[in-house]
$ cat data_28.pdb   # PDB, C-alpha atoms
ATOM      1  CA  PHE A1137      27.168   0.044  62.112  1.00  0.00           C
ATOM      2  CA  ALA A1138      24.588   2.615  60.999  1.00  0.00           C
ATOM      3  CA  TYR A1139      26.872   5.469  62.071  1.00  0.00           C
ATOM      4  CA  TRP A1140      29.759   4.100  59.999  1.00  0.00           C
ATOM      5  CA  ARG A1141      27.475   3.502  57.012  1.00  0.00           C
ATOM      6  CA  ALA A1142      26.286   7.126  57.057  1.00  0.00           C
ATOM      7  CA  PHE A1143      29.851   8.407  57.199  1.00  0.00           C
ATOM      8  CA  ALA A1144      31.023   6.048  54.440  1.00  0.00           C
ATOM      9  CA  LEU A1145      28.154   7.148  52.188  1.00  0.00           C
ATOM     10  CA  SER A1146      29.215  10.770  52.672  1.00  0.00           C
ATOM     11  CA  ILE A1147      32.745   9.800  51.605  1.00  0.00           C
ATOM     12  CA  VAL A1148      31.342   8.216  48.436  1.00  0.00           C
ATOM     13  CA  ASP A1149      29.409  11.403  47.646  1.00  0.00           C
ATOM     14  CA  SER A1150      32.481  13.578  48.233  1.00  0.00           C
ATOM     15  CA  ALA A1151      34.742  11.370  46.101  1.00  0.00           C
ATOM     16  CA  SER A1152      32.163  11.348  43.316  1.00  0.00           C
ATOM     17  CA  GLN A1153      31.893  15.142  43.297  1.00  0.00           C
ATOM     18  CA  LEU A1154      35.685  15.575  43.296  1.00  0.00           C
ATOM     19  CA  GLY A1155      36.367  12.774  40.831  1.00  0.00           C
ATOM     20  CA  ASP A1156      38.722  11.067  43.298  1.00  0.00           C
ATOM     21  CA  PRO A1157      39.523   7.377  42.788  1.00  0.00           C
ATOM     22  CA  LEU A1158      37.684   5.324  45.384  1.00  0.00           C
ATOM     23  CA  GLY A1159      37.751   1.674  46.359  1.00  0.00           C
ATOM     24  CA  VAL A1160      36.364  -0.406  49.216  1.00  0.00           C
ATOM     25  CA  VAL A1161      37.361  -3.536  51.118  1.00  0.00           C
ATOM     26  CA  GLY A1162      34.946  -5.391  53.385  1.00  0.00           C
ATOM     27  CA  VAL A1163      36.358  -7.339  56.335  1.00  0.00           C
ATOM     28  CA  GLY A1164      34.456 -10.006  58.252  1.00  0.00           C
ATOM     29  CA  ASP A1165      35.502 -12.179  61.175  1.00  0.00           C
ATOM     30  CA  ASP A1166      37.112 -14.663  58.775  1.00  0.00           C
ATOM     31  CA  GLY A1167      38.820 -12.168  56.485  1.00  0.00           C
ATOM     32  CA  GLN A1168      38.020 -10.239  53.323  1.00  0.00           C
ATOM     33  CA  THR A1169      34.376 -10.317  52.221  1.00  0.00           C
ATOM     34  CA  GLN A1170      34.374  -7.729  49.439  1.00  0.00           C
ATOM     35  CA  ARG A1171      36.867  -5.789  47.345  1.00  0.00           C
ATOM     36  CA  LEU A1172      36.455  -3.126  44.688  1.00  0.00           C
ATOM     37  CA  ALA A1173      39.759  -1.702  43.465  1.00  0.00           C
ATOM     38  CA  PRO A1174      40.014   2.131  43.408  1.00  0.00           C
ATOM     39  CA  SER A1175      38.542   3.624  40.244  1.00  0.00           C
ATOM     40  CA  THR A1176      37.101   6.862  38.878  1.00  0.00           C
ATOM     41  CA  GLN A1177      34.648   5.146  36.529  1.00  0.00           C
ATOM     42  CA  PRO A1178      31.205   6.774  36.813  1.00  0.00           C
ATOM     43  CA  ASP A1179      29.523   3.543  37.935  1.00  0.00           C
ATOM     44  CA  GLN A1180      32.166   2.872  40.622  1.00  0.00           C
ATOM     45  CA  TYR A1181      30.600   5.286  43.096  1.00  0.00           C
ATOM     46  CA  GLU A1182      27.136   3.809  42.578  1.00  0.00           C
ATOM     47  CA  ARG A1183      28.467   0.293  43.023  1.00  0.00           C
ATOM     48  CA  ILE A1184      30.095   1.210  46.334  1.00  0.00           C
ATOM     49  CA  ARG A1185      27.015   3.129  47.467  1.00  0.00           C
ATOM     50  CA  ASP A1186      24.759   0.154  46.701  1.00  0.00           C
ATOM     51  CA  TRP A1187      27.155  -2.208  48.480  1.00  0.00           C
ATOM     52  CA  LEU A1188      27.158  -0.038  51.596  1.00  0.00           C
ATOM     53  CA  LEU A1189      23.375   0.189  51.651  1.00  0.00           C
ATOM     54  CA  ASP A1190      23.058  -3.605  51.413  1.00  0.00           C
ATOM     55  CA  LEU A1191      25.865  -4.349  53.874  1.00  0.00           C
ATOM     56  CA  GLU A1192      25.119  -6.337  57.022  1.00  0.00           C
ATOM     57  CA  PRO A1193      27.423  -7.436  59.895  1.00  0.00           C
ATOM     58  CA  THR A1194      28.976 -10.869  59.411  1.00  0.00           C
ATOM     59  CA  THR A1195      29.694 -13.783  61.732  1.00  0.00           C
ATOM     60  CA  PRO A1196      32.386 -16.472  61.299  1.00  0.00           C
ATOM     61  CA  SER A1197      31.371 -19.096  58.742  1.00  0.00           C
ATOM     62  CA  ALA A1198      32.935 -21.882  56.713  1.00  0.00           C
ATOM     63  CA  ALA A1199      32.094 -19.976  53.530  1.00  0.00           C
ATOM     64  CA  THR A1200      34.803 -17.396  54.236  1.00  0.00           C
ATOM     65  CA  GLN A1201      37.563 -19.772  55.303  1.00  0.00           C
ATOM     66  CA  SER A1202      39.270 -19.550  51.899  1.00  0.00           C
ATOM     67  CA  ALA A1203      39.360 -15.749  52.151  1.00  0.00           C
ATOM     68  CA  SER A1204      40.840 -16.042  55.637  1.00  0.00           C
ATOM     69  CA  ALA A1205      43.528 -18.438  54.430  1.00  0.00           C
ATOM     70  CA  SER A1206      44.384 -16.134  51.527  1.00  0.00           C
ATOM     71  CA  SER A1207      44.762 -13.168  53.894  1.00  0.00           C
ATOM     72  CA  ALA A1208      46.994 -15.197  56.201  1.00  0.00           C
ATOM     73  CA  ARG A1209      49.265 -16.115  53.281  1.00  0.00           C
ATOM     74  CA  ALA A1210      49.508 -12.477  52.271  1.00  0.00           C
ATOM     75  CA  ALA A1211      50.341 -11.451  55.840  1.00  0.00           C
ATOM     76  CA  ALA A1212      53.087 -14.056  56.045  1.00  0.00           C
ATOM     77  CA  THR A1213      55.310 -11.887  53.851  1.00  0.00           C
ATOM     78  CA  THR A1214      55.652  -9.350  56.675  1.00  0.00           C
ATOM     79  CA  LEU A1215      57.099 -12.019  58.942  1.00  0.00           C
ATOM     80  CA  ALA A1216      60.012 -12.985  56.716  1.00  0.00           C
ATOM     81  CA  GLU A1217      62.376 -10.251  57.858  1.00  0.00           C
ATOM     82  CA  THR A1218      61.683 -10.845  61.552  1.00  0.00           C
ATOM     83  CA  ARG A1219      62.153 -14.593  61.118  1.00  0.00           C
ATOM     84  CA  ARG A1220      65.495 -14.100  59.365  1.00  0.00           C
ATOM     85  CA  ALA A1221      66.696 -11.827  62.159  1.00  0.00           C
ATOM     86  CA  ALA A1222      65.605 -14.337  64.806  1.00  0.00           C
ATOM     87  CA  ALA A1223      67.345 -17.204  62.994  1.00  0.00           C
ATOM     88  CA  THR A1224      70.561 -15.209  62.644  1.00  0.00           C
ATOM     89  CA  LEU A1225      70.609 -14.286  66.318  1.00  0.00           C
ATOM     90  CA  ALA A1226      69.846 -17.859  67.372  1.00  0.00           C
ATOM     91  CA  ALA A1227      72.984 -19.040  65.567  1.00  0.00           C
ATOM     92  CA  ASP A1228      75.154 -16.321  67.098  1.00  0.00           C
ATOM     93  CA  ASP A1229      76.851 -16.995  70.466  1.00  0.00           C
ATOM     94  CA  SER A1230      77.940 -13.397  71.069  1.00  0.00           C
ATOM     95  CA  PRO A1231      76.655 -11.558  74.159  1.00  0.00           C
ATOM     96  CA  PHE A1232      74.867  -9.085  71.877  1.00  0.00           C
ATOM     97  CA  ALA A1233      72.962 -11.817  70.048  1.00  0.00           C
ATOM     98  CA  GLN A1234      72.086 -13.645  73.238  1.00  0.00           C
ATOM     99  CA  THR A1235      70.678 -10.432  74.703  1.00  0.00           C
ATOM    100  CA  PHE A1236      68.428  -9.623  71.766  1.00  0.00           C
ATOM    101  CA  GLN A1237      67.414 -13.111  70.659  1.00  0.00           C
ATOM    102  CA  PRO A1238      64.506 -13.411  73.162  1.00  0.00           C
ATOM    103  CA  PHE A1239      63.210 -10.021  72.031  1.00  0.00           C
ATOM    104  CA  TYR A1240      63.094 -11.086  68.389  1.00  0.00           C
ATOM    105  CA  ALA A1241      61.496 -14.388  69.313  1.00  0.00           C
ATOM    106  CA  ASP A1242      58.734 -12.527  71.149  1.00  0.00           C
ATOM    107  CA  GLN A1243      58.326 -10.114  68.244  1.00  0.00           C
ATOM    108  CA  ARG A1244      57.978 -13.000  65.816  1.00  0.00           C
ATOM    109  CA  ALA A1245      55.180 -14.530  67.881  1.00  0.00           C
ATOM    110  CA  TYR A1246      53.450 -11.160  68.238  1.00  0.00           C
ATOM    111  CA  THR A1247      53.735 -10.382  64.519  1.00  0.00           C
ATOM    112  CA  THR A1248      52.426 -13.827  63.644  1.00  0.00           C
ATOM    113  CA  ARG A1249      49.351 -13.307  65.789  1.00  0.00           C
ATOM    114  CA  ILE A1250      48.658  -9.848  64.364  1.00  0.00           C
ATOM    115  CA  GLY A1251      49.393 -10.997  60.815  1.00  0.00           C
ATOM    116  CA  ASP A1252      46.702 -13.652  61.065  1.00  0.00           C
ATOM    117  CA  GLU A1253      44.032 -11.194  62.221  1.00  0.00           C
ATOM    118  CA  PRO A1254      41.431 -10.339  59.544  1.00  0.00           C
ATOM    119  CA  LEU A1255      41.650  -6.531  59.586  1.00  0.00           C
ATOM    120  CA  TYR A1256      45.451  -6.418  59.453  1.00  0.00           C
ATOM    121  CA  ALA A1257      45.808  -9.201  56.888  1.00  0.00           C
ATOM    122  CA  THR A1258      43.161  -7.744  54.592  1.00  0.00           C
ATOM    123  CA  ALA A1259      44.615  -4.239  54.812  1.00  0.00           C
ATOM    124  CA  GLN A1260      48.067  -5.557  54.007  1.00  0.00           C
ATOM    125  CA  ALA A1261      46.841  -7.426  50.948  1.00  0.00           C
ATOM    126  CA  ALA A1262      44.824  -4.436  49.713  1.00  0.00           C
ATOM    127  CA  LEU A1263      47.608  -1.893  50.221  1.00  0.00           C
ATOM    128  CA  GLY A1264      50.108  -4.194  48.536  1.00  0.00           C
ATOM    129  CA  ARG A1265      48.137  -3.901  45.292  1.00  0.00           C
ATOM    130  CA  GLN A1266      48.228  -0.088  45.190  1.00  0.00           C
ATOM    131  CA  GLN A1267      50.786   2.199  43.569  1.00  0.00           C
ATOM    132  CA  GLY A1268      51.572   5.650  44.898  1.00  0.00           C
ATOM    133  CA  PRO A1269      50.217   7.352  48.029  1.00  0.00           C
ATOM    134  CA  VAL A1270      47.032   5.864  49.480  1.00  0.00           C
ATOM    135  CA  PHE A1271      44.580   7.423  51.944  1.00  0.00           C
ATOM    136  CA  THR A1272      42.967   4.634  53.964  1.00  0.00           C
ATOM    137  CA  ILE A1273      39.845   5.048  56.091  1.00  0.00           C
ATOM    138  CA  ILE A1274      39.455   2.312  58.719  1.00  0.00           C
ATOM    139  CA  CYS A1275      36.013   1.821  60.293  1.00  0.00           C
ATOM    140  CA  THR A1276      36.137  -0.454  63.340  1.00  0.00           C
ATOM    141  CA  ASP A1277      35.639  -0.605  67.108  1.00  0.00           C
ATOM    142  CA  ASP A1278      38.100  -0.858  69.995  1.00  0.00           C
ATOM    143  CA  THR A1279      37.625  -4.575  70.695  1.00  0.00           C
ATOM    144  CA  HIS A1280      40.960  -5.663  69.176  1.00  0.00           C
ATOM    145  CA  ARG A1281      43.199  -2.733  69.973  1.00  0.00           C
ATOM    146  CA  SER A1282      46.566  -4.275  69.098  1.00  0.00           C
ATOM    147  CA  GLU A1283      45.252  -5.211  65.666  1.00  0.00           C
ATOM    148  CA  VAL A1284      43.821  -1.725  65.095  1.00  0.00           C
ATOM    149  CA  LEU A1285      47.110  -0.136  66.172  1.00  0.00           C
ATOM    150  CA  GLU A1286      49.213  -2.291  63.852  1.00  0.00           C
ATOM    151  CA  THR A1287      46.785  -1.808  60.968  1.00  0.00           C
ATOM    152  CA  ALA A1288      47.009   1.964  61.401  1.00  0.00           C
ATOM    153  CA  LYS A1289      50.807   1.724  61.368  1.00  0.00           C
ATOM    154  CA  LEU A1290      50.636  -0.367  58.217  1.00  0.00           C
ATOM    155  CA  ALA A1291      48.267   2.049  56.487  1.00  0.00           C
ATOM    156  CA  SER A1292      50.431   5.108  57.305  1.00  0.00           C
ATOM    157  CA  ARG A1293      53.785   3.866  56.088  1.00  0.00           C
ATOM    158  CA  GLY A1294      55.796   5.953  53.654  1.00  0.00           C
ATOM    159  CA  GLN A1295      53.638   8.652  52.062  1.00  0.00           C
ATOM    160  CA  ASN A1296      50.386   6.918  52.972  1.00  0.00           C
ATOM    161  CA  GLN A1297      47.876   8.346  55.436  1.00  0.00           C
ATOM    162  CA  ALA A1298      45.193   6.744  57.578  1.00  0.00           C
ATOM    163  CA  LEU A1299      41.964   7.926  59.156  1.00  0.00           C
ATOM    164  CA  VAL A1300      40.601   5.665  61.907  1.00  0.00           C
ATOM    165  CA  LEU A1301      36.904   5.967  62.751  1.00  0.00           C
ATOM    166  CA  LEU A1302      36.853   4.197  66.085  1.00  0.00           C
ATOM    167  CA  ALA A1303      33.721   3.212  67.997  1.00  0.00           C
ATOM    168  CA  PRO A1304      33.951   2.932  71.809  1.00  0.00           C
ATOM    169  CA  THR A1305      32.364  -0.442  72.527  1.00  0.00           C
ATOM    170  CA  VAL A1306      31.121   0.675  75.948  1.00  0.00           C
ATOM    171  CA  LEU A1307      28.737   3.179  74.326  1.00  0.00           C
ATOM    172  CA  TYR A1308      27.096   0.575  72.100  1.00  0.00           C
ATOM    173  CA  GLU A1309      26.833  -2.579  74.203  1.00  0.00           C
ATOM    174  CA  THR A1310      23.411  -3.547  75.523  1.00  0.00           C
ATOM    175  CA  GLY A1311      23.356  -2.609  79.196  1.00  0.00           C
ATOM    176  CA  GLY A1312      26.731  -0.886  78.847  1.00  0.00           C
ATOM    177  CA  LEU A1313      25.464   2.207  80.669  1.00  0.00           C
ATOM    178  CA  ALA A1314      23.826   0.366  83.583  1.00  0.00           C
ATOM    179  CA  ASP A1315      26.729   1.479  85.781  1.00  0.00           C
ATOM    180  CA  LEU A1316      27.630   4.971  84.593  1.00  0.00           C
ATOM    181  CA  GLU A1317      30.724   5.278  86.755  1.00  0.00           C
ATOM    182  CA  ASP A1318      32.120   2.024  85.371  1.00  0.00           C
ATOM    183  CA  ALA A1319      31.163   3.137  81.850  1.00  0.00           C
ATOM    184  CA  TYR A1320      33.086   6.377  82.423  1.00  0.00           C
ATOM    185  CA  GLU A1321      36.195   4.440  83.479  1.00  0.00           C
ATOM    186  CA  GLN A1322      35.939   2.332  80.327  1.00  0.00           C
ATOM    187  CA  TYR A1323      35.421   5.408  78.178  1.00  0.00           C
ATOM    188  CA  VAL A1324      38.503   7.110  79.635  1.00  0.00           C
ATOM    189  CA  ASP A1325      40.482   3.983  78.743  1.00  0.00           C
ATOM    190  CA  PHE A1326      39.064   4.120  75.203  1.00  0.00           C
ATOM    191  CA  GLU A1327      39.928   7.794  74.856  1.00  0.00           C
ATOM    192  CA  THR A1328      43.498   7.105  75.970  1.00  0.00           C
ATOM    193  CA  PHE A1329      43.808   4.532  73.200  1.00  0.00           C
ATOM    194  CA  ARG A1330      42.265   6.862  70.588  1.00  0.00           C
ATOM    195  CA  ARG A1331      44.738   9.579  71.519  1.00  0.00           C
ATOM    196  CA  ARG A1332      47.579   7.102  71.168  1.00  0.00           C
ATOM    197  CA  LEU A1333      46.440   6.433  67.606  1.00  0.00           C
ATOM    198  CA  ALA A1334      46.062  10.140  66.877  1.00  0.00           C
ATOM    199  CA  ARG A1335      49.648  10.840  67.992  1.00  0.00           C
ATOM    200  CA  MET A1336      51.033   8.529  65.311  1.00  0.00           C
ATOM    201  CA  ASP A1337      52.543  10.155  62.223  1.00  0.00           C
ATOM    202  CA  ARG A1338      50.101  10.485  59.321  1.00  0.00           C
ATOM    203  CA  VAL A1339      47.248   8.978  61.373  1.00  0.00           C
ATOM    204  CA  THR A1340      44.047  10.776  62.364  1.00  0.00           C
ATOM    205  CA  ALA A1341      41.691   9.049  64.805  1.00  0.00           C
ATOM    206  CA  TYR A1342      38.140  10.097  65.614  1.00  0.00           C
ATOM    207  CA  GLU A1343      35.504   8.440  67.714  1.00  0.00           C
ATOM    208  CA  VAL A1344      32.128   7.425  66.286  1.00  0.00           C
ATOM    209  CA  ALA A1345      29.611   7.576  69.122  1.00  0.00           C
ATOM    210  CA  PRO A1346      25.951   8.374  69.895  1.00  0.00           C
ATOM    211  CA  GLY A1347      25.833  11.899  71.318  1.00  0.00           C
ATOM    212  CA  GLN A1348      23.252  11.241  74.040  1.00  0.00           C
ATOM    213  CA  ARG A1349      25.060   8.199  75.427  1.00  0.00           C
ATOM    214  CA  LEU A1350      28.381   9.998  75.349  1.00  0.00           C
ATOM    215  CA  SER A1351      26.912  12.982  77.191  1.00  0.00           C
ATOM    216  CA  ALA A1352      25.515  10.689  79.894  1.00  0.00           C
ATOM    217  CA  VAL A1353      28.892   9.025  80.423  1.00  0.00           C
ATOM    218  CA  LEU A1354      30.804  12.317  80.532  1.00  0.00           C
ATOM    219  CA  ALA A1355      28.292  13.757  82.988  1.00  0.00           C
ATOM    220  CA  ALA A1356      28.946  10.805  85.313  1.00  0.00           C
ATOM    221  CA  GLY A1357      32.617  11.688  85.402  1.00  0.00           C
ATOM    222  CA  ARG A1358      32.293  15.395  86.152  1.00  0.00           C
ATOM    223  CA  GLY A1359      34.078  16.456  89.282  1.00  0.00           C
ATOM    224  CA  ARG A1360      36.174  13.282  89.448  1.00  0.00           C
ATOM    225  CA  ARG A1361      39.940  13.273  89.221  1.00  0.00           C
ATOM    226  CA  GLN A1362      40.365  11.602  85.854  1.00  0.00           C
ATOM    227  CA  PRO A1363      42.615  12.250  82.850  1.00  0.00           C
ATOM    228  CA  SER A1364      41.343  15.339  81.085  1.00  0.00           C
ATOM    229  CA  LEU A1365      39.084  14.683  78.113  1.00  0.00           C
ATOM    230  CA  ARG A1366      39.251  18.263  76.937  1.00  0.00           C
ATOM    231  CA  GLY A1367      40.359  18.773  73.376  1.00  0.00           C
ATOM    232  CA  ARG A1368      38.396  15.769  72.100  1.00  0.00           C
ATOM    233  CA  PRO A1369      37.433  16.072  68.421  1.00  0.00           C
ATOM    234  CA  GLN A1370      33.690  16.552  67.996  1.00  0.00           C
TER     235      GLN A1370
END
$ encode --input "data_28.pdb" --output "structure tokens"
Amino acid sequence: FAYWRAFALSIVDSASQLGDPLGVVGVGDDGQTQRLAPSTQPDQYERIRDWLLDLEPTTPSAATQSASASSARAAATTLAETRRAAATLAADDSPFAQTFQPFYADQRAYTTRIGDEPLYATAQAALGRQQGPVFTIICTDDTHRSEVLETAKLASRGQNQALVLLAPTVLYETGGLADLEDAYEQYVDFETFRRRLARMDRVTAYEVAPGQRLSAVLAAGRGRRQPSLRGRPQ
């Protein structure tokens, strides 16, 4: 959390110096917790800076249920097209329709699950309010990878671009380095996912990790036949 905060504060300073419009959206376990629409007003940068300095991790609570419900309603708009396609195929007896109907049914269930997730739903609602190209910076970890992947896709549609600052959970968990060989296996899996994000059009993905812990994990994997980690962004 402290690593992300430091990076976000540097973004605020850069935007302030360049006069770039800047906004922020906070996402908790139950949905949106904070939103400041992009602005170039002089006090906007200070407001975001103060918010970041006061920010603390959240846990699910009844107080944010209304925000969660609002995000879910906003996300429901993305399901309409898939639902229409599934309904059309269900009413069609042709071999083509019968072949593809199960696929659309599965996609509808998958999209519904992702659409209800707080990061995706909040990003969709926030991006829907913006006009013109948007550069979105997503700060999260790799716990919910499908949600992160779909959110990155959402944030990079059209002329939009996305930067994902992704934290490998294995390097932050208490006791996560007790078994260095196991930690290395988990890190390789994380790095594979980060590279998948980075290969997407208009998406850049970097890891946010403590240097000493990362060095310890990489040292444990030296000499082993594992996917190459060369070319990692520093």
$ closest_atom_pairs --input "data_28.pdb" --of "stretch 1149-1185 of chain A" --to "stretch 1275-1299 of chain A" --cutoff "12 Å" --atoms "all atoms listed in the file" --output "Markdown table"
| residue | atom | partner | partner_atom | distance |
| --- | --- | --- | --- | --- |
| A:Val1160 | CA | A:Cys1275 | CA | 11.3 |
| A:Val1161 | CA | A:Cys1275 | CA | 10.7 |
| A:Gly1162 | CA | A:Cys1275 | CA | 10.0 |
| A:Val1163 | CA | A:Thr1276 | CA | 9.8 |
| A:Gly1164 | CA | A:Thr1276 | CA | 11.0 |
| A:Asp1165 | CA | A:His1280 | CA | 11.7 |
$ resolve_selection --input "data_28.pdb" --expression "the PyMOL selection byres ((chain A and resi 1300) around 6)" --output "ChimeraX atom specification"
/A:1273-1274,1299,1301-1302,1341
$ closest_residue --input "data_28.pdb" --among "A:Phe1329, A:Tyr1323, A:Tyr1342, A:Tyr1308" --to "A:Phe1143" --atoms "all atoms listed in the file"
A:Tyr1342
$ resolve_selection --input "data_28.pdb" --expression "the PyMOL selection byres ((chain A and resi 1266) around 12)" --output "tab-separated table (two decimals) with C-alpha atoms, in the frame of the given file"
chain	number	residue	atom	x	y	z
A	1157	PRO	CA	39.52	7.38	42.79
A	1158	LEU	CA	37.68	5.32	45.38
A	1159	GLY	CA	37.75	1.67	46.36
A	1173	ALA	CA	39.76	-1.70	43.46
A	1174	PRO	CA	40.01	2.13	43.41
A	1175	SER	CA	38.54	3.62	40.24
A	1259	ALA	CA	44.62	-4.24	54.81
A	1260	GLN	CA	48.07	-5.56	54.01
A	1261	ALA	CA	46.84	-7.43	50.95
A	1262	ALA	CA	44.82	-4.44	49.71
A	1263	LEU	CA	47.61	-1.89	50.22
A	1264	GLY	CA	50.11	-4.19	48.54
A	1265	ARG	CA	48.14	-3.90	45.29
A	1267	GLN	CA	50.79	2.20	43.57
A	1268	GLY	CA	51.57	5.65	44.90
A	1269	PRO	CA	50.22	7.35	48.03
A	1270	VAL	CA	47.03	5.86	49.48
A	1271	PHE	CA	44.58	7.42	51.94
A	1272	THR	CA	42.97	4.63	53.96
A	1291	ALA	CA	48.27	2.05	56.49
A	1296	ASN	CA	50.39	6.92	52.97
$ axis_aligned_box --input "data_28.pdb" --around "stretch 1173-1190 of chain A" --padding-each-side "5 Å" --output "AutoDock Vina command-line options"
--center_x 31.5 --center_y 1.6 --center_z 44.1 --size_x 27.0 --size_y 20.5 --size_z 25.1
$ residues_around --input "data_28.pdb" --residues "A:Asp1149" --least-positions-apart "3" --cutoff "12 Å" --atoms "only C-alpha atoms" --output "ChimeraX atom specification"
/A:1142-1146,1152-1158,1178,1180-1182,1184-1185
$ closest_residue --input "data_28.pdb" --among "A:Asp1166, A:Glu1309, A:Asp1179, A:Asp1190" --to "A:Arg1141" --atoms "all atoms listed in the file"
A:Asp1190
$ residues_around --input "data_28.pdb" --residues "A:Ala1356" --least-positions-apart "5" --cutoff "7 Å" --atoms "all atoms listed in the file" --output "PyMOL selection string"
chain A and resi 1316-1317+1320
$ atom_distance --input "data_28.pdb" --atom1 "atom CA of A:Ala1319" --atom2 "atom CA of A:Gly1347"
14.7 Å
$ atom_distance --input "data_28.pdb" --atom1 "atom CA of A:Ser1150" --atom2 "atom CA of A:Trp1187"
16.7 Å
$ atom_distance --input "data_28.pdb" --atom1 "atom CA of A:Ala1345" --atom2 "atom CA of A:Tyr1256"
23.2 Å
$ closest_residue --input "data_28.pdb" --among "A:Val1339, A:Thr1258, A:Leu1188, A:Thr1305" --to "A:Ile1147" --atoms "all atoms listed in the file"
A:Leu1188
$ closest_residue --input "data_28.pdb" --among "A:Pro1346, A:Asp1315, A:Gln1170, A:Asp1337" --to "A:Trp1140" --atoms "all atoms listed in the file"
A:Pro1346
$ residues_around --input "data_28.pdb" --residues "A:Gln1348" --least-positions-apart "6" --cutoff "12 Å" --atoms "all atoms listed in the file" --output "list in words"
Leu1307, Tyr1308, Leu1313, Leu1354 and Ala1355 of chain A
